[in-house]
file final_5.cif (mmCIF, C-alpha atoms and all ligand atoms)
data_entry
#
loop_
_atom_site.label_atom_id
_atom_site.label_comp_id
_atom_site.auth_asym_id
_atom_site.auth_seq_id
_atom_site.Cartn_x
_atom_site.Cartn_y
_atom_site.Cartn_z
CA MET C 1334 -44.15 41.87 1.35
CA LYS C 1335 -45.27 42.40 4.91
CA LEU C 1336 -43.41 40.09 7.26
CA LEU C 1337 -45.08 37.94 9.87
CA ASP C 1338 -44.26 39.23 13.31
CA PRO C 1339 -42.04 36.48 14.81
CA PHE C 1340 -43.31 37.05 18.34
CA SER C 1341 -46.97 36.55 17.31
CA VAL C 1342 -46.04 33.49 15.26
CA VAL C 1343 -44.20 31.90 18.19
CA LEU C 1344 -47.14 32.67 20.47
CA MET C 1345 -49.56 31.14 17.97
CA ALA C 1346 -47.38 28.04 17.67
CA ALA C 1347 -47.23 27.74 21.47
CA LEU C 1348 -51.00 27.93 21.74
CA MET C 1349 -51.50 25.30 19.03
CA CYS C 1350 -48.97 23.02 20.72
CA ALA C 1351 -50.72 23.48 24.06
CA VAL C 1352 -54.09 22.56 22.56
CA MET C 1353 -52.66 19.55 20.69
CA SER C 1354 -50.83 18.40 23.79
CA ALA C 1355 -54.12 18.43 25.72
CA VAL C 1356 -55.82 16.60 22.83
CA LEU C 1357 -53.12 13.90 22.83
CA PHE C 1358 -53.19 13.41 26.60
CA GLY C 1359 -56.99 13.27 26.45
CA ALA C 1360 -57.04 10.86 23.50
CA ARG C 1361 -54.55 8.57 25.29
CA ARG C 1362 -57.32 7.35 27.62
CA GLY C 1363 -59.43 6.16 24.71
CA PHE C 1364 -56.68 3.99 23.21
CA PRO C 1365 -55.92 0.41 24.23
CA ALA C 1366 -52.50 -0.38 25.72
CA GLU C 1367 -51.29 -1.72 22.36
CA VAL C 1368 -51.27 1.82 20.94
CA ARG C 1369 -48.24 3.34 22.61
CA GLY C 1370 -46.43 6.61 22.21
CA LEU C 1371 -49.29 9.09 22.61
CA THR C 1372 -48.06 10.15 26.04
CA TYR C 1373 -44.62 10.96 24.61
CA TRP C 1374 -46.20 13.03 21.85
CA GLY C 1375 -48.37 14.87 24.38
CA ALA C 1376 -45.26 15.53 26.48
CA ALA C 1377 -43.28 16.53 23.36
CA LEU C 1378 -45.81 19.24 22.54
CA ALA C 1379 -45.87 20.46 26.14
CA VAL C 1380 -42.07 20.79 25.94
CA GLN C 1381 -42.45 22.74 22.67
CA VAL C 1382 -44.77 25.13 24.51
CA PHE C 1383 -42.05 25.79 27.12
CA SER C 1384 -39.50 26.18 24.36
CA ALA C 1385 -41.72 28.77 22.62
CA PHE C 1386 -42.16 30.69 25.88
CA CYS C 1387 -38.41 30.77 26.34
CA PHE C 1388 -37.99 32.16 22.81
CA ALA C 1389 -40.65 34.76 23.64
CA LEU C 1390 -38.54 35.92 26.61
CA ARG C 1391 -35.85 37.18 24.20
CA GLY C 1392 -35.30 40.83 24.95
CA THR C 1393 -36.57 40.47 28.51
CA LEU C 1394 -33.79 38.14 29.66
CA PRO C 1395 -30.24 37.93 28.24
CA ASP C 1396 -29.88 35.77 25.09
CA VAL C 1397 -27.17 33.71 26.73
CA LEU C 1398 -29.78 32.46 29.20
CA VAL C 1399 -32.82 32.26 26.97
CA LEU C 1400 -31.48 30.82 23.73
CA PRO C 1401 -29.61 27.72 25.02
CA VAL C 1402 -32.61 26.70 27.16
CA ALA C 1403 -35.14 27.36 24.38
CA ASN C 1404 -33.09 25.46 21.79
CA VAL C 1405 -32.32 22.49 24.01
CA LEU C 1406 -36.02 22.25 24.89
CA PHE C 1407 -36.81 22.44 21.17
CA VAL C 1408 -34.45 19.53 20.44
CA PHE C 1409 -35.74 17.59 23.46
CA GLY C 1410 -39.37 18.10 22.36
CA ASN C 1411 -38.58 16.91 18.84
CA GLY C 1412 -36.65 13.95 20.26
CA LEU C 1413 -39.61 12.96 22.41
CA CYS C 1414 -41.61 12.63 19.19
CA VAL C 1415 -39.05 10.09 17.93
CA ILE C 1416 -39.24 8.22 21.25
CA GLY C 1417 -43.04 8.25 20.97
CA LEU C 1418 -42.86 6.97 17.43
CA ARG C 1419 -40.44 4.19 18.43
CA ARG C 1420 -42.81 3.15 21.23
CA PHE C 1421 -45.69 3.28 18.76
CA TYR C 1422 -43.88 0.84 16.47
CA GLY C 1423 -42.91 -1.41 19.41
CA LEU C 1424 -39.23 -0.35 19.51
CA ALA C 1425 -37.18 0.54 22.58
CA PRO C 1426 -36.59 4.26 23.17
CA ARG C 1427 -33.09 5.54 22.55
CA TRP C 1428 -32.61 7.96 25.45
CA PRO C 1429 -28.79 8.22 25.15
CA MET C 1430 -29.14 9.45 21.55
CA LEU C 1431 -31.66 12.06 22.66
CA GLY C 1432 -29.32 13.09 25.48
CA GLY C 1433 -26.50 13.35 22.94
CA ALA C 1434 -28.61 15.54 20.63
CA CYS C 1435 -29.52 17.87 23.52
CA GLY C 1436 -25.88 18.05 24.65
CA PHE C 1437 -24.77 18.80 21.08
CA ALA C 1438 -27.33 21.61 20.82
CA LEU C 1439 -26.27 23.09 24.18
CA VAL C 1440 -22.54 23.08 23.38
CA GLY C 1441 -23.07 24.71 19.97
CA MET C 1442 -25.45 27.33 21.30
CA LEU C 1443 -23.12 28.34 24.11
CA TYR C 1444 -20.08 28.40 21.85
CA TYR C 1445 -21.69 30.53 19.13
CA LEU C 1446 -23.29 32.84 21.71
CA VAL C 1447 -20.45 33.37 24.14
CA VAL C 1448 -17.13 32.41 22.57
CA GLU C 1449 -17.74 33.33 18.94
CA PRO C 1450 -21.14 34.99 18.60
CA ASP C 1451 -22.50 34.04 15.18
CA TYR C 1452 -26.20 33.80 14.30
CA ALA C 1453 -25.73 31.88 11.04
CA ALA C 1454 -23.42 29.37 12.73
CA ARG C 1455 -26.06 28.80 15.45
CA VAL C 1456 -28.72 28.14 12.82
CA ALA C 1457 -26.46 25.73 10.93
CA TRP C 1458 -25.41 24.00 14.16
CA MET C 1459 -28.99 23.56 15.38
CA SER C 1460 -30.14 22.24 12.03
CA VAL C 1461 -27.88 19.19 12.52
CA PRO C 1462 -29.73 17.58 15.47
CA ILE C 1463 -33.13 18.68 14.17
CA THR C 1464 -32.45 17.22 10.72
CA LEU C 1465 -31.22 13.98 12.27
CA ILE C 1466 -34.28 13.76 14.52
CA SER C 1467 -36.67 14.50 11.67
CA GLY C 1468 -34.80 12.06 9.43
CA ALA C 1469 -35.06 9.38 12.14
CA GLN C 1470 -38.84 9.89 12.21
CA LEU C 1471 -39.00 9.57 8.45
CA VAL C 1472 -37.00 6.33 8.47
CA LEU C 1473 -39.28 4.89 11.19
CA VAL C 1474 -42.43 5.74 9.25
CA LEU C 1475 -41.02 4.39 5.97
CA ARG C 1476 -39.85 1.18 7.62
CA HIS C 1477 -42.76 0.41 9.92
CA GLY C 1478 -45.75 2.43 8.70
CA ARG C 1479 -48.63 0.68 6.99
CA ARG C 1480 -49.19 1.81 3.41
CA LYS C 1481 -52.28 3.85 4.24
CA LEU C 1482 -53.41 7.44 3.63
CA ALA C 1483 -52.76 8.39 7.26
CA THR C 1484 -49.15 7.20 6.98
CA LEU C 1485 -48.72 9.02 3.67
CA PHE C 1486 -49.94 12.27 5.21
CA PHE C 1487 -47.80 11.86 8.32
CA GLY C 1488 -44.72 10.80 6.33
CA SER C 1489 -45.12 13.73 3.92
CA LEU C 1490 -45.23 16.22 6.78
CA ILE C 1491 -42.08 14.74 8.28
CA ALA C 1492 -40.37 14.77 4.87
CA VAL C 1493 -41.24 18.47 4.36
CA ASN C 1494 -39.90 19.23 7.83
CA THR C 1495 -36.67 17.33 7.17
CA VAL C 1496 -36.07 19.07 3.86
CA LEU C 1497 -36.88 22.51 5.25
CA VAL C 1498 -34.55 22.20 8.24
CA THR C 1499 -31.75 20.80 6.08
CA VAL C 1500 -32.13 23.58 3.50
CA ARG C 1501 -32.13 26.22 6.25
CA GLY C 1502 -28.95 24.79 7.72
CA VAL C 1503 -27.23 24.72 4.32
CA VAL C 1504 -28.44 28.24 3.47
CA ALA C 1505 -27.10 29.47 6.81
CA LEU C 1506 -23.70 27.99 5.96
CA THR C 1507 -23.57 29.23 2.39
CA HIS C 1508 -25.36 32.61 2.60
CA GLY C 1509 -24.86 33.65 6.21
CA ALA C 1510 -27.56 35.19 8.39
CA ALA C 1511 -29.27 37.27 5.70
CA LEU C 1512 -31.60 34.54 4.45
CA VAL C 1513 -32.23 32.66 7.69
CA ASP C 1514 -32.74 35.40 10.26
CA VAL C 1515 -36.47 35.27 10.94
CA THR C 1516 -36.47 38.85 12.24
CA ARG C 1517 -35.54 40.13 8.76
CA PRO C 1518 -38.10 40.40 5.94
CA GLY C 1519 -37.89 37.84 3.16
CA LEU C 1520 -39.80 35.08 1.39
CA PHE C 1521 -37.69 32.23 2.74
CA GLN C 1522 -37.73 33.60 6.29
CA GLY C 1523 -41.52 34.14 6.19
CA PHE C 1524 -42.12 30.67 4.72
CA TYR C 1525 -39.86 29.03 7.29
CA LEU C 1526 -41.54 30.87 10.15
CA ALA C 1527 -45.06 29.96 8.98
CA VAL C 1528 -44.21 26.29 8.41
CA THR C 1529 -42.30 25.99 11.69
CA ALA C 1530 -45.24 27.49 13.55
CA LEU C 1531 -47.70 25.03 12.03
CA GLN C 1532 -45.48 21.98 11.89
CA PRO C 1533 -45.58 20.64 15.49
CA ALA C 1534 -49.37 20.75 15.64
CA LEU C 1535 -49.68 19.34 12.11
CA LEU C 1536 -47.26 16.52 12.93
CA ALA C 1537 -49.31 15.73 16.02
CA VAL C 1538 -52.44 15.55 13.85
CA GLY C 1539 -50.55 13.22 11.50
CA PHE C 1540 -49.48 11.02 14.40
CA LEU C 1541 -53.04 10.94 15.74
CA MET C 1542 -54.30 9.87 12.31
CA VAL C 1543 -51.79 7.02 12.24
CA ALA C 1544 -52.75 6.06 15.81
CA TYR C 1545 -56.46 6.02 14.90
CA GLU C 1546 -55.66 3.86 11.89
CA ARG C 1547 -53.93 1.41 14.26
CA LEU C 1548 -56.92 1.56 16.63
CA ARG C 1549 -59.30 0.78 13.76
CA LEU C 1550 -57.20 -2.26 12.86
CA ILE C 1551 -57.08 -3.49 16.45
CA LEU C 1552 -60.85 -3.15 16.89
CA GLU C 1553 -61.45 -4.87 13.56
CA ARG C 1554 -59.18 -7.73 14.61
CA ARG C 1555 -60.77 -7.97 18.03
CA SER C 1556 -64.28 -8.08 16.65
CA ALA C 1557 -63.24 -10.93 14.36
CA SER C 1558 -61.28 -13.08 16.80
CA ASP C 1559 -61.91 -15.35 19.74
CA PRO C 1560 -60.46 -13.73 22.88
CA LEU C 1561 -59.40 -17.03 24.48
CA THR C 1562 -57.53 -18.72 21.65
CA GLY C 1563 -56.85 -15.78 19.34
CA VAL C 1564 -58.17 -17.63 16.28
CA LEU C 1565 -61.07 -16.22 14.27
CA ASN C 1566 -64.55 -16.18 15.75
CA ARG C 1567 -67.77 -16.87 13.83
CA ARG C 1568 -67.83 -13.32 12.43
CA GLY C 1569 -64.22 -13.38 11.28
CA PHE C 1570 -64.73 -16.82 9.81
CA GLY C 1571 -67.79 -15.58 7.91
CA ASP C 1572 -65.67 -12.84 6.29
CA ALA C 1573 -62.84 -15.24 5.41
CA TYR C 1574 -65.32 -17.73 4.00
CA ALA C 1575 -67.02 -15.03 1.88
CA ARG C 1576 -63.63 -14.04 0.42
CA GLU C 1577 -62.81 -17.65 -0.38
CA VAL C 1578 -66.18 -18.36 -2.01
CA ALA C 1579 -65.90 -15.20 -4.11
CA ARG C 1580 -62.50 -16.42 -5.30
CA MET C 1581 -63.98 -19.84 -5.99
CA ALA C 1582 -66.79 -18.26 -8.03
CA ARG C 1583 -64.26 -16.25 -10.07
CA MET C 1584 -62.36 -19.43 -10.91
CA ARG C 1585 -65.41 -21.50 -11.64
CA GLN C 1586 -64.05 -22.84 -14.91
CA HIS C 1587 -61.28 -24.59 -12.94
CA ALA C 1588 -63.81 -26.68 -10.99
CA ARG C 1589 -62.64 -25.63 -7.52
CA THR C 1590 -63.77 -27.31 -4.32
CA LEU C 1591 -63.35 -26.32 -0.72
CA ALA C 1592 -63.67 -28.43 2.39
CA LEU C 1593 -64.84 -27.73 5.90
CA LEU C 1594 -63.83 -29.61 9.04
CA SER C 1595 -66.00 -29.40 12.13
CA VAL C 1596 -63.66 -30.40 14.98
CA ASP C 1597 -65.27 -31.06 18.36
CA LEU C 1598 -63.31 -32.22 21.40
CA ASP C 1599 -64.62 -35.38 23.02
CA HIS C 1600 -65.94 -35.39 26.57
CA PHE C 1601 -64.54 -31.96 27.19
CA LYS C 1602 -66.95 -31.50 30.08
CA MET C 1603 -64.99 -34.23 31.92
CA ILE C 1604 -61.76 -32.25 31.51
CA ASN C 1605 -63.43 -29.19 33.01
CA ASP C 1606 -64.97 -31.21 35.80
CA ARG C 1607 -61.76 -33.06 36.68
CA PHE C 1608 -59.12 -30.39 36.18
CA GLY C 1609 -61.07 -27.15 36.46
CA HIS C 1610 -62.23 -24.56 33.97
CA ALA C 1611 -58.88 -22.76 33.84
CA GLU C 1612 -57.10 -25.96 32.82
CA GLY C 1613 -59.89 -26.54 30.29
CA ASP C 1614 -59.12 -23.09 28.87
CA ARG C 1615 -55.44 -23.97 28.56
CA VAL C 1616 -56.37 -27.15 26.68
CA LEU C 1617 -58.51 -25.11 24.28
CA VAL C 1618 -55.64 -22.66 23.65
CA SER C 1619 -53.23 -25.52 23.08
CA VAL C 1620 -55.65 -27.31 20.74
CA ALA C 1621 -56.10 -24.12 18.70
CA GLN C 1622 -52.31 -23.78 18.35
CA MET C 1623 -51.93 -27.41 17.48
CA VAL C 1624 -54.70 -27.47 14.88
CA GLY C 1625 -53.27 -24.24 13.44
CA SER C 1626 -49.86 -25.90 13.11
CA ALA C 1627 -51.42 -28.69 11.03
CA LEU C 1628 -52.75 -26.24 8.43
CA ARG C 1629 -51.44 -24.42 5.39
CA GLU C 1630 -51.12 -20.65 5.26
CA SER C 1631 -54.26 -20.37 3.13
CA ASP C 1632 -56.40 -22.49 5.49
CA VAL C 1633 -58.65 -20.75 7.98
CA LEU C 1634 -59.17 -21.81 11.59
CA ALA C 1635 -61.98 -20.52 13.79
CA ARG C 1636 -63.55 -21.27 17.14
CA PHE C 1637 -67.31 -21.06 17.12
CA GLY C 1638 -67.59 -21.24 20.91
CA GLY C 1639 -67.30 -24.07 23.43
CA GLU C 1640 -64.99 -26.85 22.31
CA GLU C 1641 -65.88 -26.67 18.64
CA PHE C 1642 -63.38 -25.53 16.02
CA ILE C 1643 -64.06 -25.01 12.33
CA VAL C 1644 -61.42 -25.32 9.64
CA LEU C 1645 -61.83 -24.02 6.11
CA LEU C 1646 -59.60 -25.71 3.55
CA PRO C 1647 -59.58 -23.87 0.21
CA ASP C 1648 -58.90 -25.84 -2.98
CA THR C 1649 -59.31 -29.12 -1.13
CA ASP C 1650 -61.29 -32.21 -2.03
CA GLY C 1651 -62.76 -34.79 0.36
CA LYS C 1652 -59.75 -37.10 0.28
CA ARG C 1653 -57.26 -34.38 1.14
CA ALA C 1654 -59.62 -33.00 3.79
CA ILE C 1655 -59.69 -36.40 5.49
CA GLY C 1656 -55.88 -36.39 5.37
CA VAL C 1657 -55.83 -33.04 7.21
CA ALA C 1658 -58.39 -34.34 9.74
CA GLN C 1659 -56.18 -37.37 10.39
CA ARG C 1660 -53.17 -35.11 10.88
CA VAL C 1661 -55.14 -33.08 13.43
CA GLN C 1662 -56.09 -36.23 15.32
CA ARG C 1663 -52.52 -37.51 15.24
CA LEU C 1664 -51.18 -34.23 16.59
CA LEU C 1665 -53.81 -34.27 19.34
CA ARG C 1666 -52.68 -37.75 20.33
CA GLU C 1667 -49.02 -36.79 20.36
CA ALA C 1668 -49.49 -33.39 21.98
CA HIS C 1669 -50.12 -32.58 25.60
CA ALA C 1670 -47.93 -35.49 26.70
CA GLY C 1671 -47.71 -34.93 30.46
CA GLU C 1672 -48.26 -31.18 30.40
CA LEU C 1673 -51.98 -30.88 29.86
CA PRO C 1674 -54.87 -33.34 30.10
CA SER C 1675 -55.00 -35.31 26.86
CA CYS C 1676 -58.06 -35.21 24.68
CA THR C 1677 -59.39 -36.56 21.43
CA ALA C 1678 -61.58 -35.00 18.78
CA SER C 1679 -64.39 -36.08 16.53
CA ILE C 1680 -64.30 -34.50 13.10
CA GLY C 1681 -67.03 -33.99 10.52
CA VAL C 1682 -65.97 -33.26 6.93
CA ALA C 1683 -68.08 -31.60 4.24
CA VAL C 1684 -67.01 -30.55 0.77
CA GLN C 1685 -68.43 -27.63 -1.20
CA THR C 1686 -68.38 -27.61 -4.99
CA ASP C 1687 -71.11 -25.07 -5.64
CA PRO C 1688 -70.07 -21.50 -4.71
CA GLU C 1689 -73.77 -20.59 -4.49
CA GLU C 1690 -74.31 -22.88 -1.50
CA PRO C 1691 -74.84 -20.76 1.64
CA LEU C 1692 -72.39 -21.12 4.53
CA ASP C 1693 -75.12 -22.27 6.89
CA ALA C 1694 -75.92 -25.20 4.61
CA LEU C 1695 -72.24 -26.21 4.44
CA LEU C 1696 -71.88 -25.89 8.20
CA SER C 1697 -74.93 -28.01 8.89
CA ARG C 1698 -73.60 -30.72 6.54
CA ALA C 1699 -70.29 -30.72 8.43
CA ASP C 1700 -72.24 -30.81 11.72
CA GLU C 1701 -74.26 -33.76 10.50
CA ALA C 1702 -71.05 -35.64 9.75
CA LEU C 1703 -69.69 -34.63 13.15
CA TYR C 1704 -72.85 -35.84 14.83
CA ARG C 1705 -72.34 -39.23 13.16
CA ALA C 1706 -68.72 -39.32 14.34
CA LYS C 1707 -69.95 -38.76 17.92
CA GLU C 1708 -72.71 -41.32 17.47
CA ASN C 1709 -70.29 -43.90 16.13
CA GLY C 1710 -68.04 -43.78 19.17
CA ARG C 1711 -66.09 -40.43 19.02
CA ASN C 1712 -62.40 -39.90 18.16
CA ARG C 1713 -63.21 -40.55 14.54
CA ILE C 1714 -63.72 -38.81 11.21
CA GLU C 1715 -66.92 -38.90 9.19
CA THR C 1716 -67.60 -37.32 5.82
CA TRP C 1717 -70.97 -35.91 4.86
CA GLN C 1718 -72.62 -38.06 2.17
CA ALA C 1719 -75.86 -37.18 0.39
CA ALA C 1720 -78.68 -39.41 1.62
CA ALA C 1721 -79.25 -42.33 -0.78
N1 LIG C 1801 -62.83 -24.40 29.91
C1 LIG C 1801 -63.79 -24.05 29.04
N2 LIG C 1801 -64.83 -24.85 28.88
C2 LIG C 1801 -65.79 -24.51 28.01
C3 LIG C 1801 -65.71 -23.32 27.28
N3 LIG C 1801 -66.79 -23.25 26.49
C4 LIG C 1801 -67.52 -24.36 26.74
N4 LIG C 1801 -66.91 -25.13 27.64
C5 LIG C 1801 -67.33 -26.41 28.23
O1 LIG C 1801 -67.31 -27.41 27.24
C6 LIG C 1801 -68.15 -28.44 27.71
C7 LIG C 1801 -68.96 -28.96 26.55
O2 LIG C 1801 -69.71 -30.02 27.02
P1 LIG C 1801 -70.58 -30.92 26.08
O3 LIG C 1801 -71.31 -30.06 25.09
O4 LIG C 1801 -71.38 -31.82 26.93
O5 LIG C 1801 -69.56 -31.72 25.23
P2 LIG C 1801 -68.46 -32.78 25.66
O6 LIG C 1801 -68.35 -32.94 27.13
O7 LIG C 1801 -67.21 -32.43 24.94
O8 LIG C 1801 -69.07 -34.11 25.08
P3 LIG C 1801 -69.10 -34.54 23.57
O9 LIG C 1801 -68.95 -33.34 22.71
O10 LIG C 1801 -70.45 -35.18 23.41
O11 LIG C 1801 -67.99 -35.51 23.40
C8 LIG C 1801 -69.01 -27.85 28.81
O12 LIG C 1801 -68.58 -28.37 30.04
C9 LIG C 1801 -68.73 -26.37 28.73
O13 LIG C 1801 -68.78 -25.73 30.00
C10 LIG C 1801 -64.59 -22.48 27.48
O14 LIG C 1801 -64.42 -21.41 26.87
N5 LIG C 1801 -63.65 -22.87 28.37
#
call {"tool": "encode", "arguments": {"input": "final_5.cif", "output": "C-alpha cells"}}
result
Amino acid sequence: MKLLDPFSVVLMAALMCAVMSAVLFGARRGFPAEVRGLTYWGAALAVQVFSAFCFALRGTLPDVLVLPVANVLFVFGNGLCVIGLRRFYGLAPRWPMLGGACGFALVGMLYYLVVEPDYAARVAWMSVPITLISGAQLVLVLRHGRRKLATLFFGSLIAVNTVLVTVRGVVALTHGAALVDVTRPGLFQGFYLAVTALQPALLAVGFLMVAYERLRLILERRSASDPLTGVLNRRGFGDAYAREVARMARMRQHARTLALLSVDLDHFKMINDRFGHAEGDRVLVSVAQMVGSALRESDVLARFGGEEFIVLLPDTDGKRAIGVAQRVQRLLREAHAGELPSCTASIGVAVQTDPEEPLDALLSRADEALYRAKENGRNRIETWQAAA
C-alpha cells in the first residue's frame, strides 16, 4: 500500500485548520452574545496551524527545538477547544488544567528527546494529555449537549478521536515505534495520519453545527417571547394554545375543558404618568413574575402588549379558573409593598369546552368578560356567560 506522505498531510491539515479558523472567527460576528466559545475554537485552530508548521520544520531545525514547541502547541490548541466548549455550555474555563497539560507535554517531550531519546515513549506520553483533553470534551458534550443530530455528530467525532489517541498510546507502549511511527508504511499509521489530518477541521464543523443549533433555539425563543417580561408573546402563545387544543381534541372522550384569563392592569396609564415609563416597565416585569408564580407548570402565561396578560389554564373549569384569578389578585395586593407602585387588575374569564372553537373567539369572549369587569368598577373578576 502506498503511504501518505506525512509532510503533505500535515500541510493539508494546516490549510484546513487555517480556513476553519477564519470561518469560525467570521461566524462569531453573526452569533448573539449567548453563544460563547467560537472565539476559542477559532484561536484553537489557529494554534493548530502553528503547531503543524512547527512539525513541518522537522529536518530544517533540530528536533529538540521543533518537537517540544510543536507538541505543546498541539496540546494547547486542543485544550483551547475544551475551554471553548466550557464557555459554550456556560462553564468557567479551567486554565490551570490546560497549563498543567502543556507542562506535562513539555517535560515528557524534553525527557524522551534529550535524556532518553525514545520515539514510542514520546507517543505514549503525548497520548495522555490528548486523551484526557478529548475525554473532557466528550464528557462535556454528553453532560450538557442537547439530544440533537448536531450533538450526535459532534460527540461521535470526539469519541472517535478519544479512542484513536488512546489506542495509539497503548500500541506505542505495547508494540514500540513500529506501529505508531507515521513515517513508516502501515495501515494503522496511514489511518491515524489521515484521521488526524481531518479531525481538527471536522471537529470545528461539528462545533459549528452545535452552535447553529443553539442559535436556532435562541431565535425561536426570541420570536416567541416578549422582550420586556420574558413571558410568551402572542405568537408563542398561539403555538402553546395550538398544542393544548390538539391534546384536548385527542382526549375528547374525557370531556376536557380549558380556561383563559385576560388580565389587564387598572389605570396603568396613571402609573406611567406619575412614576415614569421606566418604573411602569418594572411594574410590568414584576407583575409577569408574580402572575407566573401563581400558576402551575402546565399553565401558559403571555403578554399580548401594553398592560394585558393572557393566561391559559389547561384542564381547568370556570370555578377553578376563578380561583386562580383570585390568587392573582391577592398576590398583586400583597406584592410591591413599598418597592414598586401598587396596582390592581381586572380579570375576564372564559372557558372552552369545544376544541374546534378558534382562539380568536375564545379571546374575544375573555375580552368581553374583561370589559365588563372594567365597566363594573375594575379590580374584579367577571366570567363570560352566553347571552340569555
Ligand atoms: N411602561 C410601559 N407602559 C406601557 C407599555 N405598553 C403600554 N403601556 C402603557 O399602558 C397604558 C395603557 O393605558 P390605557 O389603555 O388607558 O389603560 P389603563 O390606564 O390601564 O386604564 P384601564 O385599562 O381602563 O384601567 C398606556 O399609558 C401605555 O402607554 C409598556 O411596555 N411599558
call {"tool": "residues_near_ligand", "arguments": {"input": "final_5.cif", "ligand": "ligand LIG 1801 (chain C)", "cutoff": "7 Å", "atoms": "all atoms listed in the file", "output": "list in words"}}
result
Asp1597, Leu1598, Asp1599, His1600, Phe1601, Lys1602, Met1603, Asn1605, His1610, Ala1611, Glu1612, Gly1613, Asp1614, Leu1617, Gly1638, Gly1639, Glu1640, Lys1707 and Arg1711 of chain C
call {"tool": "atom_distance", "arguments": {"input": "final_5.cif", "atom1": "atom CA of C:Tyr1452", "atom2": "atom CA of C:Leu1506"}}
result
10.5 Å
call {"tool": "residues_around", "arguments": {"input": "final_5.cif", "residues": "stretch 1541-1556 of chain C", "least_positions_apart": "4", "cutoff": "12 Å", "atoms": "only C-alpha atoms", "output": "PDB file with C-alpha atoms, in the frame of the given file"}}
result
ATOM      1  CA  MET C1353     -52.660  19.550  20.690  1.00  0.00           C
ATOM      2  CA  SER C1354     -50.830  18.400  23.790  1.00  0.00           C
ATOM      3  CA  VAL C1356     -55.820  16.600  22.830  1.00  0.00           C
ATOM      4  CA  LEU C1357     -53.120  13.900  22.830  1.00  0.00           C
ATOM      5  CA  PHE C1358     -53.190  13.410  26.600  1.00  0.00           C
ATOM      6  CA  GLY C1359     -56.990  13.270  26.450  1.00  0.00           C
ATOM      7  CA  ALA C1360     -57.040  10.860  23.500  1.00  0.00           C
ATOM      8  CA  ARG C1361     -54.550   8.570  25.290  1.00  0.00           C
ATOM      9  CA  GLY C1363     -59.430   6.160  24.710  1.00  0.00           C
ATOM     10  CA  PHE C1364     -56.680   3.990  23.210  1.00  0.00           C
ATOM     11  CA  PRO C1365     -55.920   0.410  24.230  1.00  0.00           C
ATOM     12  CA  ALA C1366     -52.500  -0.380  25.720  1.00  0.00           C
ATOM     13  CA  GLU C1367     -51.290  -1.720  22.360  1.00  0.00           C
ATOM     14  CA  VAL C1368     -51.270   1.820  20.940  1.00  0.00           C
ATOM     15  CA  ARG C1369     -48.240   3.340  22.610  1.00  0.00           C
ATOM     16  CA  GLY C1370     -46.430   6.610  22.210  1.00  0.00           C
ATOM     17  CA  LEU C1371     -49.290   9.090  22.610  1.00  0.00           C
ATOM     18  CA  THR C1372     -48.060  10.150  26.040  1.00  0.00           C
ATOM     19  CA  TRP C1374     -46.200  13.030  21.850  1.00  0.00           C
ATOM     20  CA  GLY C1375     -48.370  14.870  24.380  1.00  0.00           C
ATOM     21  CA  GLY C1417     -43.040   8.250  20.970  1.00  0.00           C
ATOM     22  CA  LEU C1418     -42.860   6.970  17.430  1.00  0.00           C
ATOM     23  CA  ARG C1420     -42.810   3.150  21.230  1.00  0.00           C
ATOM     24  CA  PHE C1421     -45.690   3.280  18.760  1.00  0.00           C
ATOM     25  CA  TYR C1422     -43.880   0.840  16.470  1.00  0.00           C
ATOM     26  CA  VAL C1474     -42.430   5.740   9.250  1.00  0.00           C
ATOM     27  CA  HIS C1477     -42.760   0.410   9.920  1.00  0.00           C
ATOM     28  CA  GLY C1478     -45.750   2.430   8.700  1.00  0.00           C
ATOM     29  CA  ARG C1479     -48.630   0.680   6.990  1.00  0.00           C
ATOM     30  CA  ARG C1480     -49.190   1.810   3.410  1.00  0.00           C
ATOM     31  CA  LYS C1481     -52.280   3.850   4.240  1.00  0.00           C
ATOM     32  CA  LEU C1482     -53.410   7.440   3.630  1.00  0.00           C
ATOM     33  CA  ALA C1483     -52.760   8.390   7.260  1.00  0.00           C
ATOM     34  CA  THR C1484     -49.150   7.200   6.980  1.00  0.00           C
ATOM     35  CA  LEU C1485     -48.720   9.020   3.670  1.00  0.00           C
ATOM     36  CA  PHE C1486     -49.940  12.270   5.210  1.00  0.00           C
ATOM     37  CA  PHE C1487     -47.800  11.860   8.320  1.00  0.00           C
ATOM     38  CA  GLY C1488     -44.720  10.800   6.330  1.00  0.00           C
ATOM     39  CA  ALA C1534     -49.370  20.750  15.640  1.00  0.00           C
ATOM     40  CA  LEU C1535     -49.680  19.340  12.110  1.00  0.00           C
ATOM     41  CA  LEU C1536     -47.260  16.520  12.930  1.00  0.00           C
ATOM     42  CA  ALA C1537     -49.310  15.730  16.020  1.00  0.00           C
ATOM     43  CA  PRO C1560     -60.460 -13.730  22.880  1.00  0.00           C
ATOM     44  CA  LEU C1561     -59.400 -17.030  24.480  1.00  0.00           C
ATOM     45  CA  THR C1562     -57.530 -18.720  21.650  1.00  0.00           C
ATOM     46  CA  GLY C1563     -56.850 -15.780  19.340  1.00  0.00           C
ATOM     47  CA  VAL C1564     -58.170 -17.630  16.280  1.00  0.00           C
ATOM     48  CA  LEU C1565     -61.070 -16.220  14.270  1.00  0.00           C
ATOM     49  CA  ASN C1566     -64.550 -16.180  15.750  1.00  0.00           C
ATOM     50  CA  ARG C1567     -67.770 -16.870  13.830  1.00  0.00           C
ATOM     51  CA  ARG C1568     -67.830 -13.320  12.430  1.00  0.00           C
ATOM     52  CA  GLY C1569     -64.220 -13.380  11.280  1.00  0.00           C
ATOM     53  CA  PHE C1570     -64.730 -16.820   9.810  1.00  0.00           C
ATOM     54  CA  ASP C1572     -65.670 -12.840   6.290  1.00  0.00           C
TER      55      ASP C1572
END
call {"tool": "closest_residue", "arguments": {"input": "final_5.cif", "among": "C:Val1682, C:Val1504, C:Val1343, C:Met1430", "to": "C:Arg1391", "atoms": "all atoms listed in the file"}}
result
C:Val1343
call {"tool": "residues_around", "arguments": {"input": "final_5.cif", "residues": "C:Val1382", "least_positions_apart": "6", "cutoff": "7 Å", "atoms": "only C-alpha atoms", "output": "list of chain:residue names"}}
result
C:Ala1347, C:Cys1350, C:Ala1351
call {"tool": "write_last_selection", "arguments": {"input": "final_5.cif", "atoms": "C-alpha atoms", "output": "PDB file, keeping the file's coordinate frame"}}
result
ATOM      1  CA  ALA C1347     -47.230  27.740  21.470  1.00  0.00           C
ATOM      2  CA  CYS C1350     -48.970  23.020  20.720  1.00  0.00           C
ATOM      3  CA  ALA C1351     -50.720  23.480  24.060  1.00  0.00           C
TER       4      ALA C1351
END
